[in-house]
Amino acid sequence: MRNIALLLMLFAAAAVAQETGDVRNPLYKVTVVSHTTKAINYGHRTEPTRIGFRGTVLMPQAKGEAVVESKRGVVEVDAKFQNVGAPQRFGLQYLTYVLWAITPEGKAQNLGELVLNGSDKGKLRVGANLQAFALIVTAEPYYSVAQPSGVVVMENQVLPETIGKVEEVDAKYDLLPVKPFNYDIQAGQARATNQGPKLSMEQYEAVQALYQALNAIQMASAAGADQAAADTMKKARDLYEQARQQQTAKSDPKQVVATAREAVQAAEDARAITQKQTDAQPAAASGSH
């Protein structure tokens, strides 16, 4: 069972902090937008190999492992993680974790969302259409983001039994803007022990999916998608309202999650359309001279 009061209080605390300007002494600040980690060229090997994951300075207790196997046209990653704290500790906009493959050239590929269970553990099995890459885990505002945030909480670790050519990767991939954040340990512990209404894991995932949809819509709107991709944004908002109605009507939580995730994808599509139009404007302007 998940404590929904923790999630709701986190959002309320953010609103109060923004209105009052109340900022506590920071435990640490996120300022790094590039990082060097290890990439492995898995090539066309037929046998699987094992790699590890270690937490960064942002979450040193986190760890994990994965079995990586190169198959025809795809590299499969079967990963398990533990000691992974709630993403909201890094800021109220962070609602989930995403596993990324980073190529030696700096290209980032979203491999999938890492959903945690009630004991700070999670697992996922995904495929990458790459051969050489590093693996990192980041905190994100919603599951279908196209670029990794700067909140990198775990990175892959080469083990003695790891098979493959190891390459040093200067992972200066494009990151979303990173702002310093504050994390109050005592306040976080107090919220974690608050005894609010309990939800099943499915109900909790439905609530999280709705918040992710709202995040995606707000970020797309801030990027100008209401004007640049009005039809797609309307679809995203309609799907979000449909998901809310499903939750109010106590529909199957899985149905709520499915509808909310569709809203997330529509909002991300609208943001991507807007970004393409924005990027094309300088080129069009220079071509007119």
# chains A, B, ... in the order shown; residues from 1 in each chain; ligands from 1

call {"tool": "select_by_dssp", "arguments": {"residues": "segment 72-174 of chain A", "states": "helix (DSSP H, G or I)", "output": "list of chain:residue names"}}
result
A:Pro87, A:Gln88, A:Arg89, A:Phe90

call {"tool": "select_by_dssp", "arguments": {"residues": "segment 44-273 of chain A", "states": "strand (DSSP E)", "output": "JSON, numbers by chain"}}
result
{"A": [49, 50, 51, 52, 53, 54, 55, 63, 64, 65, 66, 67, 68, 69, 70, 71, 74, 75, 76, 77, 78, 79, 80, 81, 82, 96, 97, 98, 99, 100, 101, 102, 108, 109, 110, 111, 112, 113, 114, 122, 123, 124, 125, 126, 127, 128, 132, 133, 134, 135, 136, 137, 138, 139, 140, 152, 153, 154, 155, 156, 157, 165, 166, 167, 168, 169, 170, 171, 198, 199]}

call {"tool": "write_last_selection", "arguments": {"atoms": "C-alpha atoms", "output": "PDB file, in the first residue's frame"}}
result
ATOM      1  CA  THR A  49      26.482 -10.493 -20.062  1.00  0.00           C
ATOM      2  CA  ARG A  50      25.882  -8.917 -16.665  1.00  0.00           C
ATOM      3  CA  ILE A  51      26.430  -5.280 -15.665  1.00  0.00           C
ATOM      4  CA  GLY A  52      25.844  -3.400 -12.440  1.00  0.00           C
ATOM      5  CA  PHE A  53      24.263  -0.069 -11.512  1.00  0.00           C
ATOM      6  CA  ARG A  54      25.507   2.282  -8.817  1.00  0.00           C
ATOM      7  CA  GLY A  55      23.903   5.361  -7.343  1.00  0.00           C
ATOM      8  CA  LYS A  63      21.982   0.025  -6.811  1.00  0.00           C
ATOM      9  CA  GLY A  64      20.995  -2.537  -9.404  1.00  0.00           C
ATOM     10  CA  GLU A  65      22.061  -5.047 -11.990  1.00  0.00           C
ATOM     11  CA  ALA A  66      21.070  -6.030 -15.497  1.00  0.00           C
ATOM     12  CA  VAL A  67      21.517  -8.889 -17.918  1.00  0.00           C
ATOM     13  CA  VAL A  68      22.220  -7.564 -21.415  1.00  0.00           C
ATOM     14  CA  GLU A  69      21.895  -9.784 -24.459  1.00  0.00           C
ATOM     15  CA  SER A  70      22.483  -8.862 -28.087  1.00  0.00           C
ATOM     16  CA  LYS A  71      19.941 -10.385 -30.428  1.00  0.00           C
ATOM     17  CA  VAL A  74      18.140  -5.343 -30.838  1.00  0.00           C
ATOM     18  CA  VAL A  75      19.977  -5.438 -27.525  1.00  0.00           C
ATOM     19  CA  GLU A  76      17.722  -6.630 -24.682  1.00  0.00           C
ATOM     20  CA  VAL A  77      18.200  -5.238 -21.165  1.00  0.00           C
ATOM     21  CA  ASP A  78      16.630  -7.034 -18.193  1.00  0.00           C
ATOM     22  CA  ALA A  79      17.279  -4.741 -15.205  1.00  0.00           C
ATOM     23  CA  LYS A  80      16.450  -4.797 -11.489  1.00  0.00           C
ATOM     24  CA  PHE A  81      16.951  -1.962  -9.005  1.00  0.00           C
ATOM     25  CA  GLN A  82      16.690  -1.468  -5.248  1.00  0.00           C
ATOM     26  CA  THR A  96       8.982   8.999 -12.099  1.00  0.00           C
ATOM     27  CA  TYR A  97      12.281   7.483 -13.265  1.00  0.00           C
ATOM     28  CA  VAL A  98      13.398   6.676 -16.814  1.00  0.00           C
ATOM     29  CA  LEU A  99      16.138   4.335 -18.043  1.00  0.00           C
ATOM     30  CA  TRP A 100      18.242   5.821 -20.855  1.00  0.00           C
ATOM     31  CA  ALA A 101      20.774   4.447 -23.322  1.00  0.00           C
ATOM     32  CA  ILE A 102      23.511   7.001 -24.110  1.00  0.00           C
ATOM     33  CA  ALA A 108      20.013   9.621 -25.717  1.00  0.00           C
ATOM     34  CA  GLN A 109      17.289   6.996 -26.186  1.00  0.00           C
ATOM     35  CA  ASN A 110      14.393   6.647 -23.729  1.00  0.00           C
ATOM     36  CA  LEU A 111      14.211   2.904 -23.012  1.00  0.00           C
ATOM     37  CA  GLY A 112      11.300   2.949 -20.606  1.00  0.00           C
ATOM     38  CA  GLU A 113       9.854   3.976 -17.270  1.00  0.00           C
ATOM     39  CA  LEU A 114      11.143   2.488 -14.024  1.00  0.00           C
ATOM     40  CA  GLY A 122      11.727  -1.814  -9.474  1.00  0.00           C
ATOM     41  CA  LYS A 123      12.472  -3.754 -12.621  1.00  0.00           C
ATOM     42  CA  LEU A 124      11.974  -3.474 -16.346  1.00  0.00           C
ATOM     43  CA  ARG A 125      12.806  -5.423 -19.468  1.00  0.00           C
ATOM     44  CA  VAL A 126      13.444  -3.306 -22.563  1.00  0.00           C
ATOM     45  CA  GLY A 127      15.175  -3.328 -25.911  1.00  0.00           C
ATOM     46  CA  ALA A 128      17.589  -0.851 -27.517  1.00  0.00           C
ATOM     47  CA  ALA A 132      27.368   0.639 -28.000  1.00  0.00           C
ATOM     48  CA  PHE A 133      25.850   2.598 -25.134  1.00  0.00           C
ATOM     49  CA  ALA A 134      25.922   3.505 -21.466  1.00  0.00           C
ATOM     50  CA  LEU A 135      22.862   3.152 -19.236  1.00  0.00           C
ATOM     51  CA  ILE A 136      21.699   5.819 -16.796  1.00  0.00           C
ATOM     52  CA  VAL A 137      18.552   6.408 -14.729  1.00  0.00           C
ATOM     53  CA  THR A 138      17.107   9.901 -14.293  1.00  0.00           C
ATOM     54  CA  ALA A 139      14.216  11.455 -12.404  1.00  0.00           C
ATOM     55  CA  GLU A 140      11.648  12.889 -14.829  1.00  0.00           C
ATOM     56  CA  VAL A 152      20.970  11.396 -12.877  1.00  0.00           C
ATOM     57  CA  VAL A 153      20.496   9.016  -9.931  1.00  0.00           C
ATOM     58  CA  MET A 154      22.158   5.836 -11.260  1.00  0.00           C
ATOM     59  CA  GLU A 155      24.661   4.839 -13.929  1.00  0.00           C
ATOM     60  CA  ASN A 156      25.860   1.503 -15.244  1.00  0.00           C
ATOM     61  CA  GLN A 157      28.910  -0.132 -13.726  1.00  0.00           C
ATOM     62  CA  LYS A 165      34.465  -3.702 -25.361  1.00  0.00           C
ATOM     63  CA  VAL A 166      34.401  -0.906 -22.771  1.00  0.00           C
ATOM     64  CA  GLU A 167      34.523   2.648 -24.070  1.00  0.00           C
ATOM     65  CA  GLU A 168      34.873   5.859 -22.078  1.00  0.00           C
ATOM     66  CA  VAL A 169      31.879   8.054 -22.847  1.00  0.00           C
ATOM     67  CA  ASP A 170      31.893  11.793 -22.353  1.00  0.00           C
ATOM     68  CA  ALA A 171      28.134  11.940 -21.963  1.00  0.00           C
ATOM     69  CA  LYS A 198      -3.894   4.197   1.973  1.00  0.00           C
ATOM     70  CA  LEU A 199      -4.108   3.203  -1.671  1.00  0.00           C
TER      71      LEU A 199
END

call {"tool": "residues_around", "arguments": {"residues": "Thr232 of chain A", "least_positions_apart": "4", "cutoff": "8 Å", "atoms": "only C-alpha atoms", "output": "mmCIF file with N, CA and C atoms, in the first residue's frame"}}
result
data_model
loop_
_atom_site.group_PDB
_atom_site.id
_atom_site.type_symbol
_atom_site.label_atom_id
_atom_site.label_comp_id
_atom_site.auth_asym_id
_atom_site.auth_seq_id
_atom_site.Cartn_x
_atom_site.Cartn_y
_atom_site.Cartn_z
ATOM 1 N N ALA A 236 -4.814 16.067 -25.949
ATOM 2 C CA ALA A 236 -4.168 15.771 -24.669
ATOM 3 C C ALA A 236 -5.045 16.194 -23.501
ATOM 4 N N ALA A 266 0.255 12.426 -26.083
ATOM 5 C CA ALA A 266 -0.269 13.477 -26.948
ATOM 6 C C ALA A 266 0.374 14.820 -26.611
ATOM 7 N N ALA A 267 0.530 15.095 -25.314
ATOM 8 C CA ALA A 267 1.163 16.353 -24.906
ATOM 9 C C ALA A 267 2.623 16.403 -25.336
ATOM 10 N N ASP A 269 3.880 14.835 -27.906
ATOM 11 C CA ASP A 269 3.856 15.028 -29.357
ATOM 12 C C ASP A 269 3.663 16.507 -29.690
ATOM 13 N N ALA A 270 2.760 17.162 -28.955
ATOM 14 C CA ALA A 270 2.510 18.591 -29.193
ATOM 15 C C ALA A 270 3.749 19.420 -28.884
#

call {"tool": "residues_around", "arguments": {"residues": "Gln275 of chain A", "least_positions_apart": "4", "cutoff": "8 Å", "atoms": "only C-alpha atoms", "output": "ChimeraX atom specification"}}
result
/A:223,271,279

call {"tool": "closest_residue", "arguments": {"among": "A:Pro48, A:Gly43, A:Gly164, A:Gly85", "to": "Lys121 of chain A", "atoms": "only C-alpha atoms"}}
result
A:Gly85

call {"tool": "atom_distance", "arguments": {"atom1": "atom CA of Gln208 of chain A", "atom2": "atom CA of Met233 of chain A"}}
result
20.3 Å

call {"tool": "closest_residue", "arguments": {"among": "A:Gly118, A:Pro60, A:Pro104, A:Pro253", "to": "Leu130 of chain A", "atoms": "only C-alpha atoms"}}
result
A:Pro104

call {"tool": "closest_residue", "arguments": {"among": "A:Leu116, A:Leu58, A:Ala258, A:Val151", "to": "Ala209 of chain A", "atoms": "only C-alpha atoms"}}
result
A:Ala258

call {"tool": "atom_distance", "arguments": {"atom1": "atom CA of Thr103 of chain A", "atom2": "atom CA of Gln265 of chain A"}}
result
24.2 Å

call {"tool": "atom_distance", "arguments": {"atom1": "atom CA of Gln93 of chain A", "atom2": "atom CA of Gln212 of chain A"}}
result
8.8 Å
